[in-house]
Amino acid sequence: MNATTSFSDPFLRLTERHAAWGAQQLEAFTEFMPAGPWTADLDQRLYRQAGRDLRISVLGSFDISEESWLWGWANPGFGQSPVVGAANEIRRLGEAHGIREFTTDLVDLSAFDDPGFAVETLAFGAMGALGAAGYLGVQASPEGRLYMVPDDPRVPRAVPDGITLPRVLLTGANLLAGSSARTVVSGYFGHHGLTQRQEADRVSADLPGGATAHVLFDNVGRIASIEMKNVSG
């Protein structure tokens with residue numbers, strides 16, 4: 001197992017496309033799940049937190065002392081259990097898109113400046129690749145954290161709206177160092193199936209309700225402004 005100091009370009013390019021909607025969806029998921037003590041029955045794929053039940057699938061686990069990530073599909077404790085369905089799908093996506101982080105059974109994160117942040121980025125990237133409605137990271141033992149994604153239709157899905165759109169897009173554009181703001185914006189609109197138009201200095205999209213968003217970029221590709229216009233305007 002060789003430690004690296006950064007994620008691969010294929011991983012980053014995939015994750016940046018999901019950055020804005022993923023961050024917004026995590027907010028919706030956090031609001032849905034009440035804070036409090038938790039239990040999990042992995043055989044039943046059932047997670048319970050503060051009295052709320054949630055059907056889940058396991059992504060993997062993080063060894064805090066070793067600063068390494070083990071995918072659920074590589075954990076002998078799970079074998080081919082249905083609970084690691086999400087992890088198996090991530091492996092398939094990794095093979096299809098050449099993403100080493102998704103196909104390496106044990107990912108060494110010890111060389112990152114902040115391995116704790118790196119593991120959250122890895123889980124977030126997996127959430128985005130799966131189109132999952134969020135992810136959970138819980139302290140399962142003194143030296144281990146377990147990561148899961150919801151597989152439950154009761155989890156609400158965030159939708160685009162003109163009021164929160166500027167904050168959502170700016171958050172996504174600043175989430176990953178070195179990411180392309182245009183790719184983040186296009187990925188957000190594409191995830192929601194919105195009609196969008198690409199021009200040299202902007203990306204425009206028609207939002208539900210009739211408004212049109214114009215996202216303008218400066219000469220180095222950063223978001224310069226976000227303009228909202230109604231159909232009549």
# chains A, B, ... in the order shown; residues from 1 in each chain; ligands from 1
$ residues_around --residues "A:Glu199" --least-positions-apart "2" --cutoff "12 Å" --atoms "only C-alpha atoms" --output "MDAnalysis selection string"
chainID A and resid 182 186 196:197 201:205 214:217
$ select_by_dssp --residues "chain A" --states "strand (DSSP E)" --output "ChimeraX atom specification"
/A:38-41,46-49,52-63,68-71,106-108,136-141,144-150,196-199,202-206,212-217,223-229
$ closest_residue --among "A:Asn230, A:Ser225, A:Ser68, A:Thr212" --to "A:Thr104" --atoms "only C-alpha atoms"
A:Ser68
$ closest_residue --among "A:Asn88, A:Thr103, A:Asn174, A:Gln44" --to "A:Ile56" --atoms "only C-alpha atoms"
A:Gln44
$ residues_around --residues "A:Ala133" --least-positions-apart "6" --cutoff "10 Å" --atoms "only C-alpha atoms" --output "JSON list (two decimals) with all heavy atoms, in the first residue's frame"
[["chain", "number", "residue", "atom", "x", "y", "z"],
["A", 22, "GLY", "N", -24.10, 18.02, -4.20],
["A", 22, "GLY", "CA", -23.78, 17.16, -3.07],
["A", 22, "GLY", "C", -23.77, 17.92, -1.76],
["A", 22, "GLY", "O", -24.28, 17.44, -0.74],
["A", 25, "GLN", "N", -27.33, 18.69, -0.90],
["A", 25, "GLN", "CA", -28.04, 17.50, -0.47],
["A", 25, "GLN", "C", -27.64, 17.08, 0.95],
["A", 25, "GLN", "O", -28.47, 16.62, 1.73],
["A", 25, "GLN", "CB", -27.79, 16.35, -1.45],
["A", 25, "GLN", "CG", -28.53, 15.06, -1.10],
["A", 25, "GLN", "CD", -30.03, 15.25, -1.01],
["A", 25, "GLN", "OE1", -30.62, 15.94, -1.83],
["A", 25, "GLN", "NE2", -30.65, 14.61, -0.02],
["A", 26, "LEU", "N", -26.38, 17.27, 1.28],
["A", 26, "LEU", "CA", -25.94, 16.97, 2.65],
["A", 26, "LEU", "C", -26.66, 17.84, 3.67],
["A", 26, "LEU", "O", -26.98, 17.39, 4.77],
["A", 26, "LEU", "CB", -24.42, 17.15, 2.78],
["A", 26, "LEU", "CG", -23.56, 15.96, 2.41],
["A", 26, "LEU", "CD1", -22.08, 16.31, 2.60],
["A", 26, "LEU", "CD2", -23.90, 14.73, 3.27],
["A", 28, "ALA", "N", -29.72, 18.98, 3.34],
["A", 28, "ALA", "CA", -31.07, 18.42, 3.45],
["A", 28, "ALA", "C", -31.07, 17.14, 4.27],
["A", 28, "ALA", "O", -31.98, 16.90, 5.09],
["A", 28, "ALA", "CB", -31.64, 18.15, 2.05],
["A", 29, "PHE", "N", -30.05, 16.32, 4.09],
["A", 29, "PHE", "CA", -29.95, 15.07, 4.83],
["A", 29, "PHE", "C", -29.72, 15.33, 6.32],
["A", 29, "PHE", "O", -30.31, 14.68, 7.18],
["A", 29, "PHE", "CB", -28.82, 14.22, 4.25],
["A", 29, "PHE", "CG", -28.65, 12.89, 4.93],
["A", 29, "PHE", "CD1", -29.70, 12.00, 5.00],
["A", 29, "PHE", "CD2", -27.43, 12.53, 5.48],
["A", 29, "PHE", "CE1", -29.55, 10.76, 5.61],
["A", 29, "PHE", "CE2", -27.26, 11.31, 6.10],
["A", 29, "PHE", "CZ", -28.33, 10.41, 6.16],
["A", 127, "MET", "N", -20.44, 9.41, -2.40],
["A", 127, "MET", "CA", -21.84, 9.83, -2.38],
["A", 127, "MET", "C", -22.24, 10.43, -3.72],
["A", 127, "MET", "O", -23.29, 10.11, -4.28],
["A", 127, "MET", "CB", -22.05, 10.85, -1.27],
["A", 127, "MET", "CG", -23.37, 11.58, -1.31],
["A", 127, "MET", "SD", -23.35, 13.08, -0.28],
["A", 127, "MET", "CE", -24.75, 13.99, -0.98],
["A", 149, "VAL", "N", -24.18, 5.14, 3.34],
["A", 149, "VAL", "CA", -25.05, 6.02, 2.56],
["A", 149, "VAL", "C", -26.49, 5.56, 2.75],
["A", 149, "VAL", "O", -26.75, 4.36, 2.90],
["A", 149, "VAL", "CB", -24.71, 6.03, 1.06],
["A", 149, "VAL", "CG1", -23.39, 6.75, 0.82],
["A", 149, "VAL", "CG2", -24.68, 4.63, 0.49],
["A", 150, "PRO", "N", -27.44, 6.50, 2.79],
["A", 150, "PRO", "CA", -28.84, 6.09, 2.90],
["A", 150, "PRO", "C", -29.32, 5.44, 1.61],
["A", 150, "PRO", "O", -28.92, 5.83, 0.52],
["A", 150, "PRO", "CB", -29.57, 7.41, 3.17],
["A", 150, "PRO", "CG", -28.69, 8.46, 2.57],
["A", 150, "PRO", "CD", -27.29, 7.96, 2.76],
["A", 151, "ASP", "N", -30.15, 4.44, 1.77],
["A", 151, "ASP", "CA", -30.81, 3.78, 0.64],
["A", 151, "ASP", "C", -32.28, 3.71, 0.99],
["A", 151, "ASP", "O", -32.86, 2.64, 1.15],
["A", 151, "ASP", "CB", -30.22, 2.39, 0.43],
["A", 151, "ASP", "CG", -30.81, 1.66, -0.76],
["A", 151, "ASP", "OD1", -31.44, 2.33, -1.60],
["A", 151, "ASP", "OD2", -30.66, 0.43, -0.85],
["A", 152, "ASP", "N", -32.87, 4.89, 1.13],
["A", 152, "ASP", "CA", -34.20, 5.00, 1.72],
["A", 152, "ASP", "C", -34.96, 6.13, 1.02],
["A", 152, "ASP", "O", -34.52, 7.29, 1.05],
["A", 152, "ASP", "CB", -34.07, 5.30, 3.21],
["A", 152, "ASP", "CG", -35.35, 5.05, 3.99],
["A", 152, "ASP", "OD1", -36.41, 5.50, 3.51],
["A", 152, "ASP", "OD2", -35.29, 4.45, 5.07],
["A", 153, "PRO", "N", -36.08, 5.84, 0.39],
["A", 153, "PRO", "CA", -36.80, 6.87, -0.36],
["A", 153, "PRO", "C", -37.39, 7.97, 0.52],
["A", 153, "PRO", "O", -37.84, 9.00, -0.02],
["A", 153, "PRO", "CB", -37.91, 6.08, -1.08],
["A", 153, "PRO", "CG", -38.11, 4.86, -0.24],
["A", 153, "PRO", "CD", -36.74, 4.52, 0.29],
["A", 154, "ARG", "N", -37.40, 7.78, 1.83],
["A", 154, "ARG", "CA", -37.96, 8.81, 2.71],
["A", 154, "ARG", "C", -37.03, 10.01, 2.87],
["A", 154, "ARG", "O", -37.47, 11.07, 3.34],
["A", 154, "ARG", "CB", -38.28, 8.21, 4.08],
["A", 154, "ARG", "CG", -39.40, 7.18, 4.06],
["A", 154, "ARG", "CD", -39.51, 6.49, 5.40],
["A", 154, "ARG", "NE", -38.30, 5.73, 5.70],
["A", 154, "ARG", "CZ", -38.06, 5.13, 6.86],
["A", 154, "ARG", "NH1", -38.94, 5.22, 7.84],
["A", 154, "ARG", "NH2", -36.95, 4.44, 7.04],
["A", 155, "VAL", "N", -35.77, 9.86, 2.52],
["A", 155, "VAL", "CA", -34.85, 10.98, 2.64],
["A", 155, "VAL", "C", -35.20, 12.03, 1.59],
["A", 155, "VAL", "O", -35.25, 11.73, 0.39],
["A", 155, "VAL", "CB", -33.39, 10.53, 2.45],
["A", 155, "VAL", "CG1", -32.45, 11.73, 2.58],
["A", 155, "VAL", "CG2", -33.02, 9.46, 3.47],
["A", 156, "PRO", "N", -35.44, 13.27, 1.99],
["A", 156, "PRO", "CA", -35.82, 14.30, 1.01],
["A", 156, "PRO", "C", -34.66, 14.66, 0.09],
["A", 156, "PRO", "O", -33.49, 14.60, 0.49],
["A", 156, "PRO", "CB", -36.22, 15.50, 1.89],
["A", 156, "PRO", "CG", -35.48, 15.29, 3.17],
["A", 156, "PRO", "CD", -35.41, 13.80, 3.37],
["A", 157, "ARG", "N", -35.00, 15.02, -1.12],
["A", 157, "ARG", "CA", -34.00, 15.44, -2.10],
["A", 157, "ARG", "C", -34.06, 16.96, -2.25],
["A", 157, "ARG", "O", -35.13, 17.53, -2.44],
["A", 157, "ARG", "CB", -34.27, 14.78, -3.45],
["A", 157, "ARG", "CG", -34.05, 13.27, -3.45],
["A", 157, "ARG", "CD", -32.59, 12.94, -3.57],
["A", 157, "ARG", "NE", -32.34, 11.50, -3.60],
["A", 157, "ARG", "CZ", -31.20, 10.96, -4.01],
["A", 157, "ARG", "NH1", -30.21, 11.74, -4.43],
["A", 157, "ARG", "NH2", -31.04, 9.66, -4.00],
["A", 158, "ALA", "N", -32.91, 17.59, -2.16],
["A", 158, "ALA", "CA", -32.84, 19.04, -2.33],
["A", 158, "ALA", "C", -33.17, 19.40, -3.77],
["A", 158, "ALA", "O", -32.82, 18.67, -4.71],
["A", 158, "ALA", "CB", -31.45, 19.56, -1.97]]
$ closest_residue --among "A:Trp73, A:Asp43, A:Asp63, A:Phe11" --to "A:Ser141" --atoms "only C-alpha atoms"
A:Asp63
$ closest_residue --among "A:Asp108, A:Glu89, A:Glu101, A:Asp114" --to "A:Leu130" --atoms "only C-alpha atoms"
A:Glu89
$ residues_around --residues "A:Ala173" --least-positions-apart "3" --cutoff "7 Å" --atoms "only C-alpha atoms" --output "JSON, numbers by chain"
{"A": [20, 169, 170, 179, 181, 184]}
$ write_last_selection --atoms "N, CA, C and O atoms" --output "compact mmCIF listing (two decimals), in the first residue's frame"
# COMPACT_ATOMS: atom_id res chain seq x y z
N ALA A 20 -21.52 20.87 -5.94
CA ALA A 20 -22.56 21.82 -5.51
C ALA A 20 -23.83 21.11 -5.06
O ALA A 20 -24.35 21.37 -3.97
N LEU A 169 -23.99 27.29 -5.34
CA LEU A 169 -22.97 27.20 -6.38
C LEU A 169 -21.61 27.69 -5.89
O LEU A 169 -20.57 27.08 -6.21
N LEU A 170 -21.59 28.74 -5.10
CA LEU A 170 -20.32 29.25 -4.57
C LEU A 170 -19.70 28.26 -3.59
O LEU A 170 -18.48 28.05 -3.57
N SER A 179 -10.55 22.95 -8.37
CA SER A 179 -11.67 22.50 -9.19
C SER A 179 -12.09 23.58 -10.18
O SER A 179 -11.80 24.76 -10.00
N ALA A 181 -14.81 25.85 -11.65
CA ALA A 181 -16.11 26.39 -11.27
C ALA A 181 -17.15 26.11 -12.35
O ALA A 181 -18.31 25.81 -12.05
N VAL A 184 -18.34 22.60 -11.95
CA VAL A 184 -19.21 22.50 -10.78
C VAL A 184 -20.61 23.00 -11.12
O VAL A 184 -21.62 22.35 -10.79
$ select_by_dssp --residues "stretch 58-233 of chain A" --states "helix (DSSP H, G or I)" --output "ChimeraX atom specification"
/A:72-74,82-97,100-103,115-130,165-173,181-191
$ residues_around --residues "A:Thr39" --least-positions-apart "2" --cutoff "10 Å" --atoms "only C-alpha atoms" --output "VMD selection string"
chain A and resid 37 41 to 42 46 to 51 53 138 140
$ atom_distance --atom1 "atom CA of A:Arg52" --atom2 "atom CA of A:Ala35"
9.8 Å
$ residues_around --residues "A:Ile163" --least-positions-apart "6" --cutoff "12 Å" --atoms "only C-alpha atoms" --output "PyMOL selection string"
chain A and resi 169+207+211+213+226-229
